[in-house]
Each structure stands twice: as C-alpha cells, then as structure tokens.
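Student: Supplied structure: upload04.cif, mmCIF, C-alpha atoms.
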```cif
data_run
#
loop_
_atom_site.label_atom_id
_atom_site.label_comp_id
_atom_site.auth_asym_id
_atom_site.auth_seq_id
_atom_site.Cartn_x
_atom_site.Cartn_y
_atom_site.Cartn_z
CA GLU Y 256 16.95 -7.29 -13.66
CA PRO Y 257 18.26 -4.62 -16.05
CA GLU Y 258 20.01 -5.89 -19.14
CA VAL Y 259 21.74 -4.72 -22.28
CA THR Y 260 19.61 -5.06 -25.38
CA GLN Y 261 20.70 -5.15 -29.02
CA THR Y 262 18.90 -4.85 -32.31
CA PRO Y 263 18.65 -6.45 -34.75
CA SER Y 264 19.43 -9.96 -33.59
CA HIS Y 265 20.45 -10.90 -37.13
CA GLN Y 266 21.46 -8.77 -40.09
CA VAL Y 267 22.30 -9.86 -43.62
CA THR Y 268 23.85 -7.29 -45.93
CA GLN Y 269 25.66 -7.03 -49.24
CA MET Y 270 29.35 -6.28 -49.35
CA GLY Y 271 29.93 -2.55 -49.56
CA GLN Y 272 26.70 -1.61 -47.81
CA GLU Y 273 26.54 0.34 -44.58
CA VAL Y 274 25.08 -1.23 -41.45
CA ILE Y 275 24.14 0.24 -38.11
CA LEU Y 276 24.00 -1.99 -35.08
CA ARG Y 277 22.03 -0.70 -32.15
CA CYS Y 278 22.43 -1.17 -28.44
CA VAL Y 279 20.64 0.05 -25.35
CA PRO Y 280 23.05 -0.19 -22.40
CA ILE Y 281 21.93 -0.62 -18.81
CA SER Y 282 20.48 2.72 -17.79
CA ASN Y 283 22.83 3.77 -14.98
CA HIS Y 284 25.97 2.58 -16.76
CA LEU Y 285 28.44 5.15 -18.02
CA TYR Y 286 30.90 3.03 -20.03
CA PHE Y 287 30.01 1.31 -23.26
CA TYR Y 288 31.85 -1.16 -25.41
CA TRP Y 289 31.67 -3.04 -28.68
CA TYR Y 290 33.21 -6.45 -29.21
CA ARG Y 291 33.10 -8.86 -32.09
CA GLN Y 292 33.39 -12.61 -32.30
CA ILE Y 293 34.12 -14.23 -35.64
CA LEU Y 294 32.49 -17.65 -35.78
CA GLY Y 295 34.41 -20.16 -33.70
CA GLN Y 296 36.95 -17.63 -32.49
CA LYS Y 297 37.57 -15.60 -29.37
CA VAL Y 298 35.83 -12.39 -28.43
CA GLU Y 299 37.80 -9.35 -29.61
CA PHE Y 300 37.61 -5.82 -28.25
CA LEU Y 301 36.70 -3.10 -30.74
CA VAL Y 302 36.07 0.13 -28.87
CA SER Y 303 35.15 1.68 -25.55
CA PHE Y 304 33.14 4.86 -25.12
CA TYR Y 305 32.75 7.19 -22.19
CA ASN Y 306 31.47 10.72 -21.77
CA ASN Y 307 30.47 10.93 -25.43
CA GLU Y 308 33.84 10.06 -26.81
CA ILE Y 309 35.96 7.07 -27.66
CA SER Y 310 38.25 6.22 -24.76
CA GLU Y 311 40.06 3.32 -26.37
CA LYS Y 312 39.99 1.40 -29.62
CA SER Y 313 41.72 -1.64 -31.02
CA GLU Y 314 43.57 -2.01 -34.30
CA ILE Y 315 40.45 -3.68 -35.70
CA PHE Y 316 38.49 -0.46 -35.25
CA ASP Y 317 39.65 1.31 -38.39
CA ASP Y 318 38.10 4.16 -40.38
CA GLN Y 319 35.19 2.06 -41.61
CA PHE Y 320 33.88 1.83 -38.05
CA SER Y 321 32.27 4.56 -35.99
CA VAL Y 322 30.30 4.74 -32.78
CA GLU Y 323 27.74 7.19 -31.59
CA ARG Y 324 25.42 7.86 -28.69
CA PRO Y 325 22.69 9.69 -30.59
CA ASP Y 326 20.43 10.13 -27.56
CA GLY Y 327 20.32 9.30 -23.87
CA SER Y 328 19.72 5.61 -24.33
CA ASN Y 329 21.08 4.25 -27.61
CA PHE Y 330 24.66 3.37 -28.49
CA THR Y 331 25.36 2.50 -32.10
CA LEU Y 332 28.11 0.90 -34.14
CA LYS Y 333 28.24 1.86 -37.80
CA ILE Y 334 30.21 -0.10 -40.36
CA ARG Y 335 30.50 2.12 -43.40
CA SER Y 336 31.35 -0.22 -46.23
CA THR Y 337 31.05 -3.79 -45.12
CA LYS Y 338 33.51 -6.46 -46.17
CA LEU Y 339 33.11 -10.22 -46.17
CA GLU Y 340 35.44 -10.48 -43.19
CA ASP Y 341 33.13 -8.26 -41.12
CA SER Y 342 30.80 -11.24 -40.78
CA ALA Y 343 30.71 -11.93 -37.06
CA MET Y 344 28.69 -11.66 -33.91
CA TYR Y 345 28.86 -8.14 -32.54
CA PHE Y 346 28.37 -7.66 -28.83
CA CYS Y 347 27.62 -4.46 -27.02
CA ALA Y 348 28.52 -4.27 -23.34
CA SER Y 349 28.21 -1.70 -20.58
CA SER Y 350 29.61 -1.14 -17.11
CA GLU Y 351 29.00 1.30 -14.28
CA GLY Y 352 32.62 2.32 -14.00
CA GLY Y 353 35.70 1.99 -16.12
CA GLY Y 354 38.26 0.39 -13.82
CA ALA Y 355 39.81 -3.06 -13.82
CA GLY Y 356 37.24 -4.40 -11.40
CA GLU Y 357 34.14 -3.23 -13.19
CA THR Y 358 32.03 -6.03 -14.60
CA GLN Y 359 30.94 -5.57 -18.19
CA TYR Y 360 27.48 -6.86 -18.96
CA PHE Y 361 26.96 -8.06 -22.50
CA GLY Y 362 23.97 -7.82 -24.74
CA PRO Y 363 22.67 -10.84 -26.66
CA GLY Y 364 24.62 -9.87 -29.76
CA THR Y 365 23.86 -9.09 -33.39
CA ARG Y 366 24.86 -11.73 -35.87
CA LEU Y 367 26.05 -9.95 -39.01
CA LEU Y 368 26.44 -11.80 -42.27
CA VAL Y 369 28.05 -10.00 -45.21
CA LEU Y 370 27.44 -11.59 -48.62
CA ALA I 52 51.98 -12.54 -26.74
CA GLN I 53 48.83 -14.11 -25.42
CA LYS I 54 47.47 -12.35 -22.39
CA ILE I 55 44.94 -15.02 -21.52
CA THR I 56 45.51 -18.72 -22.14
CA GLN I 57 42.89 -21.41 -21.92
CA THR I 58 44.62 -24.67 -22.73
CA GLN I 59 41.55 -26.91 -22.81
CA PRO I 60 39.64 -26.54 -26.07
CA GLY I 61 37.07 -29.07 -24.83
CA MET I 62 36.15 -30.70 -21.55
CA PHE I 63 33.67 -33.38 -20.57
CA VAL I 64 32.13 -33.88 -17.14
CA GLN I 65 29.54 -36.22 -15.77
CA GLU I 66 26.37 -34.61 -14.49
CA LYS I 67 26.55 -33.78 -10.76
CA GLU I 68 30.34 -33.89 -10.70
CA ALA I 69 32.70 -30.93 -10.35
CA VAL I 70 34.88 -29.64 -13.16
CA THR I 71 37.79 -27.21 -13.33
CA LEU I 72 38.38 -25.02 -16.36
CA ASP I 73 41.90 -23.68 -16.59
CA CYS I 74 42.96 -20.11 -17.23
CA THR I 75 46.39 -18.53 -16.99
CA TYR I 76 47.16 -14.90 -17.63
CA ASP I 77 50.10 -12.66 -18.27
CA THR I 78 50.42 -9.18 -16.85
CA SER I 79 52.93 -6.93 -15.18
CA ASP I 80 50.21 -4.68 -13.76
CA GLN I 81 49.43 -4.80 -10.07
CA SER I 82 45.79 -3.87 -10.58
CA TYR I 83 43.74 -6.14 -12.77
CA GLY I 84 40.46 -7.97 -12.84
CA LEU I 85 39.71 -11.50 -13.94
CA PHE I 86 36.33 -12.53 -15.27
CA TRP I 87 34.60 -15.66 -16.46
CA TYR I 88 31.77 -15.62 -18.98
CA LYS I 89 29.54 -18.40 -20.23
CA GLN I 90 28.39 -18.54 -23.84
CA PRO I 91 25.62 -21.07 -24.49
CA SER I 92 24.79 -22.22 -28.00
CA SER I 93 22.32 -19.35 -28.31
CA GLY I 94 25.33 -17.03 -28.41
CA GLU I 95 24.87 -14.57 -25.57
CA MET I 96 27.70 -13.81 -23.14
CA ILE I 97 26.69 -14.34 -19.52
CA PHE I 98 28.86 -12.96 -16.72
CA LEU I 99 29.61 -15.61 -14.10
CA ILE I 100 32.24 -14.47 -11.65
CA TYR I 101 34.89 -11.83 -10.96
CA GLN I 102 38.18 -11.86 -9.07
CA GLY I 103 40.18 -8.73 -8.33
CA SER I 104 43.95 -8.85 -8.17
CA TYR I 105 43.92 -7.52 -4.63
CA ASP I 106 41.24 -9.89 -3.38
CA GLU I 107 42.73 -12.26 -0.84
CA GLN I 108 39.85 -14.70 -0.88
CA ASN I 109 38.73 -16.75 -3.84
CA ALA I 110 35.51 -15.49 -5.39
CA THR I 111 32.41 -17.65 -5.19
CA GLU I 112 29.00 -17.29 -6.82
CA GLY I 113 26.65 -20.15 -6.16
CA ARG I 114 28.06 -23.24 -7.88
CA TYR I 115 30.90 -21.24 -9.40
CA SER I 116 34.16 -20.56 -7.64
CA LEU I 117 37.41 -19.13 -8.85
CA ASN I 118 40.65 -20.78 -7.79
CA PHE I 119 42.92 -17.75 -7.83
CA GLN I 120 46.63 -18.44 -7.55
CA LYS I 121 48.30 -15.09 -8.00
CA ALA I 122 51.90 -16.29 -7.93
CA ARG I 123 51.13 -18.79 -10.67
CA LYS I 124 48.98 -16.27 -12.54
CA SER I 125 46.12 -18.67 -12.78
CA ALA I 126 42.40 -18.14 -12.32
CA ASN I 127 40.69 -21.46 -12.80
CA LEU I 128 36.91 -21.73 -12.76
CA VAL I 129 35.43 -24.53 -10.70
CA ILE I 130 31.86 -25.57 -11.37
CA SER I 131 30.44 -27.83 -8.70
CA ALA I 132 27.52 -30.25 -9.13
CA SER I 133 27.46 -29.88 -12.93
CA GLN I 134 24.10 -29.64 -14.63
CA LEU I 135 23.15 -30.35 -18.23
CA GLY I 136 22.50 -26.64 -18.68
CA ASP I 137 26.15 -25.92 -17.91
CA SER I 138 27.11 -27.22 -21.36
CA ALA I 139 28.50 -24.15 -23.12
CA MET I 140 31.66 -22.28 -24.09
CA TYR I 141 33.43 -20.67 -21.16
CA PHE I 142 35.68 -17.67 -21.62
CA CYS I 143 38.22 -16.31 -19.21
CA ALA I 144 38.97 -12.60 -19.53
CA MET I 145 41.25 -10.04 -17.94
CA ARG I 146 41.23 -6.30 -17.67
CA GLU I 147 44.42 -4.48 -16.70
CA GLY I 148 43.84 -1.07 -15.17
CA ASP I 149 41.55 0.91 -17.45
CA ASN I 150 42.57 -0.98 -20.56
CA ASP I 151 40.37 -3.08 -22.76
CA MET I 152 39.23 -6.54 -21.75
CA ARG I 153 41.11 -9.45 -23.31
CA PHE I 154 39.52 -12.84 -23.73
CA GLY I 155 40.96 -16.31 -23.92
CA ALA I 156 40.13 -18.73 -26.71
CA GLY I 157 37.50 -20.47 -24.61
CA THR I 158 36.78 -23.97 -23.39
CA ARG I 159 33.78 -25.94 -24.61
CA LEU I 160 32.27 -27.82 -21.69
CA THR I 161 29.96 -30.75 -22.31
CA VAL I 162 28.02 -32.19 -19.40
CA LYS I 163 27.10 -35.83 -19.91
CA PRO I 164 23.94 -37.28 -18.35
#
```
As structure tokens - that is how I would like this structure written.

Tutor:
Amino acid sequence: EPEVTQTPSHQVTQMGQEVILRCVPISNHLYFYWYRQILGQKVEFLVSFYNNEISEKSEIFDDQFSVERPDGSNFTLKIRSTKLEDSAMYFCASSEGGGAGETQYFGPGTRLLVL
Amino acid sequence: AQKITQTQPGMFVQEKEAVTLDCTYDTSDQSYGLFWYKQPSSGEMIFLIYQGSYDEQNATEGRYSLNFQKARKSANLVISASQLGDSAMYFCAMREGDNDMRFGAGTRLTVKP
C-alpha cells in the first residue's frame, strides 16, 4: 500500500541553524501539507501546497519557514534559523484532492530537537 | 474558539470491551469532513475513519464506527472489541470546505488486559 515517507526520522540541530525536512508524498496525490506537534500537544497545521504554490498557511508559518517541491517526488520544509521552540514532531501529509472530504495520509514524522 | 473539542484526556477500557471517545465540533459551514486518527507511542498518525457532513449513515471501518450526531455537532469514535494494540492517542479532526484541518487535543486510550 502506498505511503508517505519522511526523512530523517530524527534531527538534532543547534539554535540558529537551518534544517530541511524531506517528504515523499503518495505518488498520485496532488495536495501536500506540513503539520507540527509540540511534545504532548495537539497537531497544528502549518501549510498546504498545491500546483507548485502555497494554497494556505497558518500564523505559525512565518518567514523562517519555506516549502518547496524541488522535483516530481520530494516535498520539503525548510526552517531557516531554528529556535528552541521549533522543537517538535513535523508531519508531512498528502491527499488526492483538496476538498473537505479528502483524507490526508500522514508520514511517520521527523522529530526535530533544537539545542 | 476551539473548533474541535475532545473532553476526555484519558480513557481506560477492558480488553474485548467497547469504548466511545468523544468529539464535538464547531462550524457554521454546511460542507465539512470529520476524521479520526490514531497515534501510537511510536508517533505516526494513522487514519482510521472519515465522516462527511452530508453522509446520512454513520461511517464504519472494521472495529471502528463513528457515531455522527449532526444536530449536536458530535462525532464520537466507537471502538468495539478493544485490543491491547488499540492503546494510543486518538485525535479527532475537522476540515471545513477547502480550509486547513483542525485537530482536537486528543484522548489517550489505555486498554487493560
């Protein structure tokens, strides 16, 4: 069964460093998403991406964040200058369509720790 | 205002019994989708079940069913014949129209042998 994959599974970085989190969505899906989950808290939406552009973003997704689909398979989240509070699990998700009824399938997550 | 409310931070159930996890939502949209995800201790988010706002019948997927009460704006997850492997965090989520998906705070289910 096709699934969303994410690399790395864990990343430790120093405050102020840039990190790139990678995702390979399900191949026939057209909508891509990033979410984060701070330890012990709820899952929070960051950004959605369709047709090579951001379709929606939350207030969390400020100028330090960017997303890119550099080729036909990868979808990346870049955090430019990491802060301690960026420590979280970051989930990539994808869906076939973008409507209310479209199920989003999540990757296994990347656990980011900023020291 | 909270869009999705899960009032049970933790629940316990005896193995082989059924359990209901509560979820209420707030929306003025006519078109929305309701989702339940399971998050085991390993951290991944596993899709369980979906209910559309226009669906007249409650969704079912194996041992999972969704008790959808539109007038009450509730979408409770029922797990029948609980298994030890059902122990996990369970998140209710809603998507209104094309907007982003909002998650509840989650319920930690523990299945006791």

Student: Report as a tab-separated table: every residue of chain Y with an atom at most 8 Å from chain I, its closest pair of atoms, and their distance in Å to one decimal, counting all atoms listed in the file, with rows sorted by chain and ascending residue number.

Tutor:
```
residue	atom	partner	partner_atom	distance
Y:Gln296	CA	I:Ala156	CA	6.7
Y:Lys297	CA	I:Ala156	CA	4.8
Y:Val298	CA	I:Phe154	CA	6.0
Y:Glu299	CA	I:Phe154	CA	7.1
Y:Phe300	CA	I:Asp151	CA	6.7
Y:Ser303	CA	I:Asp151	CA	7.6
Y:Glu311	CA	I:Asp151	CA	7.4
Y:Gly353	CA	I:Asp149	CA	6.1
Y:Gly354	CA	I:Asp149	CA	4.9
Y:Ala355	CA	I:Gly148	CA	4.7
Y:Gly356	CA	I:Gly84	CA	5.0
Y:Glu357	CA	I:Gly84	CA	7.9
Y:Thr358	CA	I:Tyr101	CA	7.4
Y:Gln359	CA	I:Phe98	CA	7.8
Y:Tyr360	CA	I:Phe98	CA	6.6
Y:Phe361	CA	I:Met96	CA	5.8
Y:Gly362	CA	I:Glu95	CA	6.9
Y:Pro363	CA	I:Glu95	CA	4.5
Y:Gly364	CA	I:Glu95	CA	6.3
```

Student: Using the chain letters and numbers from this file, what does the PyMOL selection byres ((chain Y and resi 271) around 9) select? Give the answer as a list in words.

Tutor: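 That expression, the PyMOL selection byres ((chain Y and resi 271) around 9), corresponds here to Thr268, Gln269, Met270, Gln272, Glu273, Arg335, Ser336, Thr337, Lys338, Leu339 and Val369 of chain Y.
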
Student: Report as number ranges by chain the residues that result from applying the PyMOL selection byres ((chain Y and resi 288) around 7) to the structure here.

Tutor: Y: 286-287, 289-290, 302-304, 347-349

Student: I'd like to see the residues matched by the PyMOL selection byres ((chain I and resi 77) around 7) on this file, and ideally I'd get them as a VMD selection string.

Tutor: chain I and resid 54 to 55 76 78 124

Student: Here is a test: counting all atoms listed in the file, which residue of Y:Asn307, Y:Thr365, Y:Gln319, Y:Glu258 is nearest to Tyr345 (chain Y)?

Tutor: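 Residue with the minimum atom-to-atom distance to Tyr345 (chain Y): Y:Thr365.
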
Student: Considering all atoms listed in the file, return as a ChimeraX atom specification whatever protein or nucleic-acid residues lie within 6 Å of Leu332 (chain Y), sequence-local ones (same chain, fewer than 4 positions apart) excluded.

Tutor: /Y:275-276,321-322

Student: Quick one: pull the distance between CA of Gln57 (chain I) and CA of Ser264 (chain Y), Å, one decimal.

Tutor: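 Result for CA of Gln57 (chain I) versus CA of Ser264 (chain Y): 28.6 Å, one decimal.
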
Student: For Lys121 (chain I), which residue among I:Lys163, I:Asp106, I:Met62, I:Gln134 is the nearest when counting only C-alpha atoms?

Tutor: I:Asp106

Student: Starting from the incomplete input, reconstruct N, CA and C atoms of region 349-370 of chain Y and write that as a PDB file, keeping the file's coordinate frame.

Tutor:
```
ATOM      1  N   SER Y 349      28.155  -2.935 -21.360  1.00  0.00           N
ATOM      2  CA  SER Y 349      28.210  -1.700 -20.580  1.00  0.00           C
ATOM      3  C   SER Y 349      28.662  -2.009 -19.161  1.00  0.00           C
ATOM      4  N   SER Y 350      29.209  -0.993 -18.504  1.00  0.00           N
ATOM      5  CA  SER Y 350      29.610  -1.140 -17.110  1.00  0.00           C
ATOM      6  C   SER Y 350      29.375   0.191 -16.399  1.00  0.00           C
ATOM      7  N   GLU Y 351      29.227   0.084 -15.077  1.00  0.00           N
ATOM      8  CA  GLU Y 351      29.000   1.300 -14.280  1.00  0.00           C
ATOM      9  C   GLU Y 351      30.222   2.193 -14.293  1.00  0.00           C
ATOM     10  N   GLY Y 352      31.372   1.581 -14.033  1.00  0.00           N
ATOM     11  CA  GLY Y 352      32.620   2.320 -14.000  1.00  0.00           C
ATOM     12  C   GLY Y 352      33.587   1.773 -15.024  1.00  0.00           C
ATOM     13  N   GLY Y 353      34.765   2.384 -15.083  1.00  0.00           N
ATOM     14  CA  GLY Y 353      35.700   1.990 -16.120  1.00  0.00           C
ATOM     15  C   GLY Y 353      36.962   1.299 -15.637  1.00  0.00           C
ATOM     16  N   GLY Y 354      37.033   0.963 -14.351  1.00  0.00           N
ATOM     17  CA  GLY Y 354      38.260   0.390 -13.820  1.00  0.00           C
ATOM     18  C   GLY Y 354      38.379  -1.107 -14.032  1.00  0.00           C
ATOM     19  N   ALA Y 355      39.510  -1.643 -13.590  1.00  0.00           N
ATOM     20  CA  ALA Y 355      39.810  -3.060 -13.820  1.00  0.00           C
ATOM     21  C   ALA Y 355      38.781  -3.980 -13.198  1.00  0.00           C
ATOM     22  N   GLY Y 356      38.159  -3.534 -12.115  1.00  0.00           N
ATOM     23  CA  GLY Y 356      37.240  -4.400 -11.400  1.00  0.00           C
ATOM     24  C   GLY Y 356      35.792  -4.274 -11.798  1.00  0.00           C
ATOM     25  N   GLU Y 357      35.526  -3.459 -12.806  1.00  0.00           N
ATOM     26  CA  GLU Y 357      34.140  -3.230 -13.190  1.00  0.00           C
ATOM     27  C   GLU Y 357      33.659  -4.320 -14.126  1.00  0.00           C
ATOM     28  N   THR Y 358      32.582  -4.976 -13.761  1.00  0.00           N
ATOM     29  CA  THR Y 358      32.030  -6.030 -14.600  1.00  0.00           C
ATOM     30  C   THR Y 358      31.338  -5.428 -15.810  1.00  0.00           C
ATOM     31  N   GLN Y 359      31.616  -5.980 -16.967  1.00  0.00           N
ATOM     32  CA  GLN Y 359      30.940  -5.570 -18.190  1.00  0.00           C
ATOM     33  C   GLN Y 359      29.827  -6.563 -18.468  1.00  0.00           C
ATOM     34  N   TYR Y 360      28.636  -6.023 -18.666  1.00  0.00           N
ATOM     35  CA  TYR Y 360      27.480  -6.860 -18.960  1.00  0.00           C
ATOM     36  C   TYR Y 360      27.203  -6.784 -20.453  1.00  0.00           C
ATOM     37  N   PHE Y 361      27.079  -7.960 -21.051  1.00  0.00           N
ATOM     38  CA  PHE Y 361      26.960  -8.060 -22.500  1.00  0.00           C
ATOM     39  C   PHE Y 361      25.503  -8.168 -22.933  1.00  0.00           C
ATOM     40  N   GLY Y 362      25.239  -7.605 -24.084  1.00  0.00           N
ATOM     41  CA  GLY Y 362      23.970  -7.820 -24.740  1.00  0.00           C
ATOM     42  C   GLY Y 362      23.942  -9.169 -25.430  1.00  0.00           C
ATOM     43  N   PRO Y 363      22.814  -9.525 -26.021  1.00  0.00           N
ATOM     44  CA  PRO Y 363      22.670 -10.840 -26.660  1.00  0.00           C
ATOM     45  C   PRO Y 363      23.397 -10.963 -27.986  1.00  0.00           C
ATOM     46  N   GLY Y 364      23.865  -9.835 -28.518  1.00  0.00           N
ATOM     47  CA  GLY Y 364      24.620  -9.870 -29.760  1.00  0.00           C
ATOM     48  C   GLY Y 364      23.778  -9.657 -31.006  1.00  0.00           C
ATOM     49  N   THR Y 365      24.442  -9.170 -32.048  1.00  0.00           N
ATOM     50  CA  THR Y 365      23.860  -9.090 -33.390  1.00  0.00           C
ATOM     51  C   THR Y 365      24.732  -9.925 -34.306  1.00  0.00           C
ATOM     52  N   ARG Y 366      24.096 -10.886 -34.950  1.00  0.00           N
ATOM     53  CA  ARG Y 366      24.860 -11.730 -35.870  1.00  0.00           C
ATOM     54  C   ARG Y 366      24.815 -11.089 -37.253  1.00  0.00           C
ATOM     55  N   LEU Y 367      25.962 -10.619 -37.719  1.00  0.00           N
ATOM     56  CA  LEU Y 367      26.050  -9.950 -39.010  1.00  0.00           C
ATOM     57  C   LEU Y 367      26.635 -10.895 -40.045  1.00  0.00           C
ATOM     58  N   LEU Y 368      25.953 -10.991 -41.164  1.00  0.00           N
ATOM     59  CA  LEU Y 368      26.440 -11.800 -42.270  1.00  0.00           C
ATOM     60  C   LEU Y 368      26.576 -10.892 -43.497  1.00  0.00           C
ATOM     61  N   VAL Y 369      27.779 -10.813 -44.029  1.00  0.00           N
ATOM     62  CA  VAL Y 369      28.050 -10.000 -45.210  1.00  0.00           C
ATOM     63  C   VAL Y 369      28.221 -10.933 -46.409  1.00  0.00           C
ATOM     64  N   LEU Y 370      27.401 -10.712 -47.432  1.00  0.00           N
ATOM     65  CA  LEU Y 370      27.440 -11.590 -48.620  1.00  0.00           C
ATOM     66  C   LEU Y 370      28.146 -10.917 -49.779  1.00  0.00           C
TER      67      LEU Y 370
END
```
